[in-house]
>>> print(open('my_file28.txt').read())   # compact mmCIF, C-alpha atoms
# COMPACT_ATOMS: atom_id res chain seq x y z
CA MET A 20 248.61 171.85 150.33
CA GLN A 21 246.93 174.80 152.04
CA TYR A 22 244.46 175.14 149.14
CA VAL A 23 243.48 171.47 149.36
CA TRP A 24 242.46 171.88 153.01
CA VAL A 25 240.31 174.88 152.13
CA ILE A 26 238.40 172.82 149.55
CA LEU A 27 237.84 169.90 151.93
CA LEU A 28 236.50 172.18 154.62
CA PHE A 29 234.12 173.74 152.15
CA LEU A 30 232.62 170.54 150.75
CA PRO A 31 230.45 169.41 153.73
CA SER A 32 228.72 172.76 153.89
CA ALA A 33 228.05 172.75 150.17
CA LEU A 34 226.68 169.20 150.25
CA SER A 35 224.18 169.95 152.99
CA GLN A 36 222.50 172.51 150.73
CA SER A 37 222.80 170.89 147.29
CA ASP A 38 222.74 167.12 147.60
CA GLY A 39 218.94 166.90 147.34
CA ARG A 40 218.34 165.24 150.69
CA PHE A 41 215.09 165.90 152.54
CA ARG A 42 213.01 164.82 155.53
CA VAL A 43 209.37 163.72 155.64
CA VAL A 44 207.49 165.24 158.57
CA VAL A 45 204.11 164.21 160.03
CA PRO A 46 202.28 164.97 163.30
CA GLU A 47 203.36 162.85 166.27
CA ALA A 48 199.83 162.62 167.70
CA PRO A 49 197.13 160.41 166.08
CA VAL A 50 194.62 162.06 163.75
CA SER A 51 190.98 161.55 164.76
CA SER A 52 187.97 161.48 162.44
CA VAL A 53 184.30 160.52 162.49
CA SER A 54 182.84 157.89 160.19
CA GLY A 55 181.20 159.48 157.15
CA SER A 56 183.28 162.68 157.23
CA ASP A 57 186.45 163.72 155.35
CA VAL A 58 189.91 163.90 156.90
CA VAL A 59 193.37 165.17 155.94
CA LEU A 60 196.47 163.22 156.98
CA SER A 61 199.17 165.86 157.12
CA CYS A 62 202.59 165.18 155.61
CA SER A 63 205.27 167.57 154.37
CA VAL A 64 208.72 167.46 152.73
CA ARG A 65 211.46 169.69 154.17
CA GLU A 66 215.13 170.38 153.57
CA PHE A 67 217.26 167.79 155.38
CA ASP A 68 219.25 170.20 157.57
CA ARG A 69 216.84 173.15 157.48
CA GLN A 70 213.44 171.84 158.45
CA ASN A 71 211.84 175.26 158.41
CA ILE A 72 212.37 175.31 154.63
CA MET A 73 209.80 173.34 152.61
CA LYS A 74 210.96 171.36 149.55
CA ASN A 75 209.16 171.43 146.21
CA ALA A 76 207.59 167.96 145.75
CA VAL A 77 206.10 168.37 142.27
CA ASP A 78 208.75 166.13 140.67
CA LEU A 79 208.88 163.63 143.53
CA THR A 80 207.01 160.33 143.99
CA VAL A 81 204.52 160.30 146.87
CA THR A 82 203.21 156.96 148.13
CA TRP A 83 200.59 156.59 150.84
CA SER A 84 200.16 153.04 152.11
CA ARG A 85 198.84 150.86 154.92
CA PRO A 86 201.27 148.01 155.62
CA ASP A 87 198.64 146.05 157.60
CA LEU A 88 196.59 145.49 154.42
CA LYS A 89 197.33 142.82 151.82
CA ASP A 90 196.68 145.39 149.07
CA SER A 91 198.63 148.09 150.87
CA LEU A 92 198.51 150.96 148.34
CA VAL A 93 196.24 153.81 149.43
CA HIS A 94 197.38 156.50 146.96
CA LEU A 95 200.25 157.01 144.51
CA TYR A 96 201.36 160.29 142.92
CA GLU A 97 204.17 159.94 140.36
CA ASN A 98 205.31 161.63 137.15
CA HIS A 99 202.99 164.56 137.92
CA LYS A 100 199.81 162.44 138.07
CA ASN A 101 197.87 159.99 140.20
CA LEU A 102 198.66 156.34 139.38
CA ASN A 103 196.14 154.26 141.30
CA THR A 104 195.77 151.17 139.15
CA ASP A 105 196.99 148.99 142.04
CA GLN A 106 195.13 150.94 144.72
CA ASN A 107 193.30 148.96 147.41
CA PRO A 108 189.67 148.80 146.15
CA SER A 109 188.41 150.00 149.54
CA TYR A 110 189.96 153.44 148.84
CA ARG A 111 188.91 153.79 145.20
CA GLY A 112 187.51 157.26 144.50
CA ARG A 113 188.13 158.45 148.07
CA THR A 114 191.75 159.70 148.07
CA ALA A 115 193.59 162.76 146.76
CA VAL A 116 196.73 164.81 147.21
CA PHE A 117 196.64 168.60 146.93
CA LYS A 118 198.50 169.02 143.63
CA GLU A 119 198.52 172.80 143.85
CA GLU A 120 200.31 172.54 147.20
CA LEU A 121 203.03 170.09 146.14
CA LYS A 122 205.29 172.99 145.14
CA ASN A 123 205.09 174.11 148.77
CA GLY A 124 206.19 170.69 150.07
CA ASP A 125 202.69 169.65 151.15
CA VAL A 126 202.10 165.97 150.29
CA SER A 127 199.13 165.47 152.63
CA LEU A 128 196.44 162.90 151.85
CA LYS A 129 192.74 163.78 151.76
CA LEU A 130 190.51 160.80 152.58
CA SER A 131 186.80 161.24 151.87
CA ASN A 132 183.76 159.51 153.37
CA VAL A 133 185.81 157.95 156.17
CA ARG A 134 184.87 154.43 157.28
CA ILE A 135 185.51 152.55 160.50
CA THR A 136 187.79 150.20 158.55
CA ASP A 137 189.99 153.16 157.54
CA GLU A 138 191.39 153.20 161.08
CA GLY A 139 195.06 152.24 161.12
CA GLU A 140 198.61 153.40 160.50
CA TYR A 141 199.37 155.20 157.23
CA THR A 142 202.87 155.57 155.81
CA CYS A 143 203.74 158.71 153.84
CA ARG A 144 206.78 157.93 151.68
CA VAL A 145 208.50 160.38 149.35
CA ASP A 146 211.09 159.35 146.74
CA SER A 147 213.40 161.28 144.43
CA LYS A 148 216.04 159.83 142.13
CA PHE A 149 218.64 160.42 144.85
CA TRP A 150 216.88 160.11 148.20
CA GLU A 151 213.85 158.78 150.04
CA ASP A 152 212.26 159.16 153.44
CA SER A 153 209.01 158.13 155.11
CA LYS A 154 206.97 158.64 158.25
CA THR A 155 203.93 156.88 159.72
CA ILE A 156 200.80 158.56 161.05
CA LYS A 157 197.92 156.94 162.92
CA LEU A 158 194.27 157.54 162.03
CA SER A 159 191.56 156.85 164.64
CA VAL A 160 187.95 156.63 163.45
CA GLU A 161 184.81 156.84 165.56
CA GLY A 162 181.30 155.81 164.52
CA THR A 163 178.47 158.31 164.62
CA HIS A 164 176.47 155.96 166.90
CA SER A 165 173.24 157.44 165.57
CA PRO A 166 170.95 155.44 163.28
CA SER A 167 169.89 157.32 160.18
CA LEU A 168 167.15 156.86 157.63
CA LEU A 169 167.77 157.13 153.92
CA GLN A 170 165.26 159.42 152.26
CA GLY A 171 162.15 157.53 151.25
CA TRP A 172 163.32 154.32 152.91
CA THR A 173 161.99 152.75 156.08
CA HIS A 174 164.92 150.54 157.09
CA PRO A 175 167.20 152.00 159.80
CA GLU A 176 170.85 152.09 158.83
CA TYR A 177 173.04 149.59 160.68
CA THR A 178 175.96 151.36 162.36
CA GLY A 179 177.67 148.42 164.04
CA LYS A 180 180.33 145.94 163.00
CA PHE A 181 179.44 142.81 161.06
CA GLU A 182 180.99 139.80 159.39
CA VAL A 183 180.28 138.29 155.98
CA VAL A 184 179.71 134.53 156.07
CA GLY A 185 179.86 132.04 153.21
CA PRO A 186 180.45 128.30 152.75
CA GLU A 187 183.94 126.91 153.32
CA ALA A 188 183.45 124.06 150.84
CA PRO A 189 183.16 124.66 147.08
CA VAL A 190 179.71 125.09 145.56
CA PHE A 191 179.05 122.67 142.69
CA SER A 192 176.83 123.33 139.71
CA VAL A 193 176.07 121.71 136.36
CA SER A 194 176.52 123.61 133.11
CA GLY A 195 173.22 125.03 131.87
CA SER A 196 171.56 125.10 135.29
CA ASP A 197 171.13 127.91 137.82
CA VAL A 198 173.13 128.14 141.05
CA VAL A 199 173.05 130.21 144.24
CA LEU A 200 176.31 131.29 145.89
CA PRO A 201 175.34 131.68 149.57
CA CYS A 202 176.46 134.79 151.45
CA SER A 203 175.04 136.41 154.58
CA VAL A 204 175.71 139.37 156.88
CA ARG A 205 175.82 138.71 160.62
CA GLU A 206 176.67 140.63 163.76
CA LEU A 207 180.37 140.50 164.54
CA GLY A 208 180.86 138.27 167.55
CA ASN A 209 177.23 137.13 167.47
CA PRO A 210 176.85 135.10 164.25
CA ASN A 211 173.34 133.89 165.11
CA ILE A 212 171.97 137.40 164.55
CA MET A 213 171.51 138.43 160.91
CA VAL A 214 172.09 142.06 159.92
CA ASN A 215 169.72 144.00 157.67
CA ALA A 216 171.64 144.66 154.43
CA VAL A 217 169.05 146.77 152.60
CA ASN A 218 171.07 150.00 153.03
CA MET A 219 174.46 148.41 152.34
CA ASN A 220 176.50 147.96 149.19
CA VAL A 221 176.88 144.37 148.03
CA THR A 222 179.64 143.66 145.51
CA TRP A 223 180.21 140.27 143.92
CA SER A 224 183.47 140.01 141.97
CA ARG A 225 186.03 137.65 140.46
CA SER A 226 189.58 138.89 140.97
CA ASP A 227 190.98 136.62 138.24
CA LEU A 228 189.10 138.56 135.54
CA ASN A 229 190.20 141.89 134.06
CA ASP A 230 186.60 143.12 134.31
CA SER A 231 186.14 141.76 137.80
CA LEU A 232 182.63 143.02 138.62
CA VAL A 233 180.02 140.24 138.60
CA HIS A 234 177.17 142.09 140.33
CA LEU A 235 176.74 145.33 142.29
CA TYR A 236 173.83 146.29 144.51
CA GLY A 237 173.89 149.79 146.01
CA ASN A 238 171.47 152.60 146.87
CA HIS A 239 168.65 150.03 146.85
CA LYS A 240 169.16 149.00 143.24
CA ASP A 241 171.38 147.01 140.90
CA LEU A 242 174.24 149.11 139.50
CA ASN A 243 175.74 146.94 136.78
CA THR A 244 177.00 149.51 134.27
CA ASP A 245 180.57 148.24 134.78
CA GLN A 246 179.56 144.59 135.02
CA ASN A 247 181.66 142.06 133.11
CA PRO A 248 179.69 141.59 129.85
CA PHE A 249 180.03 137.84 130.25
CA TYR A 250 177.59 137.98 133.21
CA ARG A 251 175.09 140.43 131.74
CA GLY A 252 171.52 139.35 132.33
CA ARG A 253 172.56 136.28 134.36
CA THR A 254 172.99 137.63 137.93
CA ALA A 255 170.67 138.73 140.71
CA VAL A 256 170.50 139.25 144.46
CA PHE A 257 167.33 138.38 146.38
CA LYS A 258 166.19 141.89 147.25
CA GLU A 259 163.30 140.68 149.38
CA GLU A 260 165.81 138.75 151.51
CA LEU A 261 168.31 141.59 152.07
CA LYS A 262 166.44 142.68 155.21
CA ASN A 263 167.20 139.21 156.60
CA GLY A 264 170.94 139.55 155.93
CA ASP A 265 170.86 137.32 152.83
CA VAL A 266 173.14 138.79 150.14
CA SER A 267 173.50 135.57 148.11
CA LEU A 268 174.10 135.71 144.36
CA LYS A 269 171.92 133.82 141.89
CA LEU A 270 173.78 132.93 138.70
CA SER A 271 171.62 131.69 135.82
CA ASN A 272 172.48 129.46 132.87
CA VAL A 273 175.83 128.46 134.36
CA ARG A 274 178.75 128.05 131.96
CA ILE A 275 182.00 126.15 132.25
CA THR A 276 183.88 129.45 132.24
CA ASP A 277 181.94 130.58 135.34
CA GLU A 278 184.15 128.27 137.40
CA GLY A 279 186.35 130.29 139.78
CA GLU A 280 186.51 132.12 143.10
CA TYR A 281 183.81 134.70 143.84
CA THR A 282 184.21 137.40 146.49
CA CYS A 283 181.11 138.63 148.31
CA ARG A 284 181.92 142.05 149.77
CA VAL A 285 179.53 144.11 151.89
CA ASP A 286 180.09 147.79 152.76
CA SER A 287 178.24 150.13 155.06
CA LYS A 288 179.28 153.67 155.97
CA PHE A 289 180.83 152.26 159.11
CA TRP A 290 182.26 148.83 158.33
CA GLU A 291 183.14 146.38 155.56
CA ASP A 292 183.90 142.69 155.27
CA SER A 293 184.19 140.07 152.55
CA LYS A 294 184.20 136.32 151.99
CA THR A 295 185.38 134.25 149.02
CA THR A 296 183.52 131.18 147.74
CA LYS A 297 184.69 128.74 145.08
CA LEU A 298 182.31 127.68 142.32
CA SER A 299 183.06 124.40 140.56
CA VAL A 300 181.14 123.79 137.35
CA GLU A 301 180.53 120.36 135.86
CA ALA A 302 179.24 119.31 132.47
CA VAL A 303 177.63 115.87 132.30
CA GLY A 304 178.43 114.19 129.01
CA SER A 305 176.52 111.92 126.67
CA GLU A 306 175.50 108.32 127.28
CA PRO A 307 178.39 105.96 126.43
CA VAL A 308 178.14 104.16 123.12
CA ILE A 309 179.77 100.73 122.67
CA THR A 310 180.59 99.38 119.24
CA VAL A 311 182.42 96.29 118.01
CA GLU A 312 185.30 97.75 116.04
CA LYS A 313 186.58 94.43 114.72
CA TYR A 314 186.67 90.68 115.20
CA GLU A 315 189.92 89.03 114.26
CA SER A 316 191.59 85.73 115.15
CA GLY A 317 189.00 85.00 117.80
CA LYS A 318 189.40 88.39 119.50
CA PHE A 319 186.93 91.25 119.76
CA THR A 320 187.97 94.91 119.86
CA LEU A 321 185.30 96.96 121.63
CA LEU A 322 185.16 100.77 121.50
CA CYS A 323 183.34 102.91 124.08
CA GLU A 324 182.81 106.66 123.47
CA SER A 325 181.23 109.49 125.45
CA LYS A 326 181.35 113.25 124.76
CA GLY A 327 180.88 116.61 126.46
CA TRP A 328 182.22 116.17 130.01
CA TYR A 329 183.83 118.70 132.35
CA PRO A 330 186.08 118.27 134.20
CA GLU A 331 187.76 115.23 132.67
CA PRO A 332 185.89 112.03 133.66
CA GLU A 333 187.13 108.51 134.35
CA LEU A 334 186.22 105.62 132.06
CA GLN A 335 186.24 102.02 133.26
CA TRP A 336 185.47 98.64 131.64
CA LYS A 337 184.17 95.64 133.58
CA ASN A 338 182.96 92.17 132.68
CA SER A 339 179.75 90.50 133.88
CA LYS A 340 181.47 89.49 137.13
CA GLY A 341 182.44 93.08 137.95
CA VAL A 342 186.12 92.53 137.26
CA ASN A 343 188.00 95.45 135.73
CA VAL A 344 189.24 94.96 132.18
CA THR A 345 192.50 96.61 131.08
CA ALA A 346 191.85 99.27 128.45
CA GLU A 347 193.50 101.94 126.33
CA THR A 348 191.80 105.29 126.96
CA GLU A 349 192.10 108.54 124.99
CA THR A 350 190.87 111.99 126.00
CA GLN A 351 190.29 114.92 123.67
CA GLU A 352 189.48 118.47 124.77
CA VAL A 353 187.06 120.34 122.51
CA ALA A 354 185.72 123.82 123.38
CA ASP A 355 186.42 123.43 127.13
CA LEU A 356 184.76 119.98 127.20
CA PHE A 357 186.27 116.52 127.27
CA ASN A 358 185.49 113.63 124.94
CA VAL A 359 186.68 110.18 126.03
CA LYS A 360 187.00 106.89 124.21
CA SER A 361 188.45 103.58 125.26
CA ARG A 362 189.21 100.22 123.64
CA ILE A 363 189.48 96.73 125.03
CA THR A 364 190.45 93.52 123.26
CA VAL A 365 188.79 90.37 124.63
CA GLU A 366 188.50 86.68 123.66
CA GLU A 367 185.79 85.56 126.01
CA ILE A 368 182.21 86.01 124.86
CA ASP A 369 180.66 87.79 127.82
CA SER A 370 178.72 90.92 128.72
CA TYR A 371 180.92 94.01 129.11
CA TYR A 372 180.12 97.31 130.84
CA CYS A 373 181.59 100.72 130.05
CA SER A 374 181.04 103.33 132.79
CA VAL A 375 181.98 107.00 132.70
CA THR A 376 182.13 108.72 136.10
CA GLN A 377 182.75 112.22 137.39
CA ARG A 378 182.31 112.96 141.09
CA VAL A 379 178.59 112.13 141.71
CA HIS A 380 177.71 111.64 138.04
CA GLU A 381 177.89 108.26 136.32
CA LYS A 382 176.70 106.91 132.99
CA GLU A 383 177.00 103.28 131.93
CA GLU A 384 176.42 101.20 128.82
CA ARG A 385 176.47 97.42 128.33
CA ILE A 386 177.13 95.17 125.39
CA ASP A 387 175.81 91.66 125.97
CA ALA A 388 177.13 88.27 124.92
CA GLN A 389 174.41 87.90 122.28
CA SER A 390 175.71 90.98 120.45
CA LEU A 391 179.21 89.50 120.43
CA HIS A 392 177.85 86.22 119.08
CA GLU A 393 176.18 88.13 116.24
CA SER A 394 179.41 90.02 115.50
CA GLU A 395 181.28 86.73 115.46
CA SER A 396 178.86 85.23 112.95
CA HIS A 397 179.34 88.18 110.63
>>> encode(input="my_file28.txt", output="structure tokens")
Amino acid sequence: MQYVWVILLFLPSALSQSDGRFRVVVPEAPVSSVSGSDVVLSCSVREFDRQNIMKNAVDLTVTWSRPDLKDSLVHLYENHKNLNTDQNPSYRGRTAVFKEELKNGDVSLKLSNVRITDEGEYTCRVDSKFWEDSKTIKLSVEGTHSPSLLQGWTHPEYTGKFEVVGPEAPVFSVSGSDVVLPCSVRELGNPNIMVNAVNMNVTWSRSDLNDSLVHLYGNHKDLNTDQNPFYRGRTAVFKEELKNGDVSLKLSNVRITDEGEYTCRVDSKFWEDSKTTKLSVEAVGSEPVITVEKYESGKFTLLCESKGWYPEPELQWKNSKGVNVTAETETQEVADLFNVKSRITVEEIDSYYCSVTQRVHEKEERIDAQSLHESESH
């Protein structure tokens, strides 16, 4: 029994040094930085009960995040490499951990080209297979408050805050035509004042596509190397209007598959904002064609057909008095377009109208009583 007590007394001490627990440590005071510069958010991993001893973090998972953002991931190190597929796009290409210092317990984050919108609370979380801990550190960012000129360019750089404005209602377009998706940059809190966007980055994207880039303007030119091939040669911004805050996108030769939600994002060195606009695309089909399918036992079967609509249209029969006639309607989808056909069976010799409608578009065809008389005689 004496030996058992010796073992039990020994175990707590042994556990404190070998159970793999650790603490994450960050500065208590906020970290300050200036817009346009680089900053390091300090974070270290230390032995749980001996905080003066750093813990090797090479085999650990290090996650930097901002919980106030919808896409909260700022940087992820795991399995000895950076895994930033799900990183918030605002941080792409601007974050790093010091891999050579991980063995010394240093899991600090380097953030390059700091922006005003980087200000916020950052969580440094470290995970092993057996333990995890996290701490939050606040970053405060100040603007430079000094206008600058880009070399060879005469437009002063805007250093204030702005908002991106677009239509709340969907924008409608017809397949084969051109369309403009409106988007403008205005002073934050003073939307009547447009902001010069010549020196800003303008990114149009569709988040539902794997290759999400629709159009990129930056450094005073179009930068569409990574543009979705589907949009190649069909997009443009109005460069002469950028100085007036107009960052709208012109999309040429609209296709059915262009339908979706487009995000207009504008970045300066000091601020960023975005707005999403829905594009609805319509295809107007062919003129309806009415034929007499058969005449039997004093009854006429009339067929009305129209092809090439999107989205699916409505087809309606009426007689000469404007009264609806009950019909059997079929719809067939072919290559993203809808073909419709409908039959009615009538006894009365009259004029009948077949109309195909879709939102503001309508096409109509009529078969008159004389045509029915001629069918009857045959």
>>> atom_distance(input="my_file28.txt", atom1="CA of Glu306 (chain A)", atom2="CA of Arg253 (chain A)")
29.0 Å
>>> closest_residue(input="my_file28.txt", among="A:Ala76, A:Val93, A:Val160, A:Leu356", to="Gly55 (chain A)", atoms="all atoms listed in the file")
A:Val160
>>> axis_aligned_box(input="my_file28.txt", around="region 283-295 of chain A", padding_each_side="4 Å", output="AutoDock Vina command-line options")
--center_x 181.8 --center_y 144.0 --center_z 153.7 --size_x 15.1 --size_y 27.4 --size_z 18.8
>>> residues_around(input="my_file28.txt", residues="Leu235 (chain A)", least_positions_apart="5", cutoff="8 Å", atoms="all atoms listed in the file", output="number ranges by chain")
A: 220-223, 241-243, 246
>>> residues_near_point(input="my_file28.txt", point="(201.1, 168.9, 143.2)", cutoff="10 Å", atoms="all atoms listed in the file", output="number ranges by chain")
A: 75-79, 81, 96-97, 99-101, 116-126
>>> residues_around(input="my_file28.txt", residues="region 369-371 of chain A", least_positions_apart="3", cutoff="8 Å", atoms="only C-alpha atoms", output="PyMOL selection string")
chain A and resi 336-339+385-388+391
>>> residues_around(input="my_file28.txt", residues="Leu228 (chain A)", least_positions_apart="3", cutoff="12 Å", atoms="all atoms listed in the file", output="list in words")
Ser224, Arg225, Ser231, Leu232, Val233, Gln246, Asn247, Pro248, Phe249, Tyr250, Thr276, Asp277, Glu278, Gly279, Glu280 and Tyr281 of chain A
>>> residues_around(input="my_file28.txt", residues="Ser267 (chain A)", least_positions_apart="3", cutoff="10 Å", atoms="all atoms listed in the file", output="VMD selection string")
chain A and resid 185 199 to 204 221 223 255 to 258 260 to 261 264 270 283
>>> residues_around(input="my_file28.txt", residues="Met219 (chain A)", least_positions_apart="6", cutoff="7 Å", atoms="all atoms listed in the file", output="list in words")
Gly237, Val285, Asp286 and Ser287 of chain A
>>> write_last_selection(input="my_file28.txt", atoms="C-alpha atoms", output="mmCIF file, in the coordinates of the input")
data_model
loop_
_atom_site.group_PDB
_atom_site.id
_atom_site.type_symbol
_atom_site.label_atom_id
_atom_site.label_comp_id
_atom_site.auth_asym_id
_atom_site.auth_seq_id
_atom_site.Cartn_x
_atom_site.Cartn_y
_atom_site.Cartn_z
ATOM 1 C CA GLY A 237 173.890 149.790 146.010
ATOM 2 C CA VAL A 285 179.530 144.110 151.890
ATOM 3 C CA ASP A 286 180.090 147.790 152.760
ATOM 4 C CA SER A 287 178.240 150.130 155.060
#
>>> closest_residue(input="my_file28.txt", among="A:Thr320, A:Val133, A:Ile309, A:His380", to="Pro332 (chain A)", atoms="all atoms listed in the file")
A:His380
>>> closest_residue(input="my_file28.txt", among="A:Ser51, A:Ser61, A:Thr155, A:Ser147", to="Gly39 (chain A)", atoms="all atoms listed in the file")
A:Ser147
>>> atom_distance(input="my_file28.txt", atom1="CA of Ile212 (chain A)", atom2="CA of Asp292 (chain A)")
16.0 Å
>>> atom_distance(input="my_file28.txt", atom1="CA of Tyr141 (chain A)", atom2="CA of Asp105 (chain A)")
16.6 Å
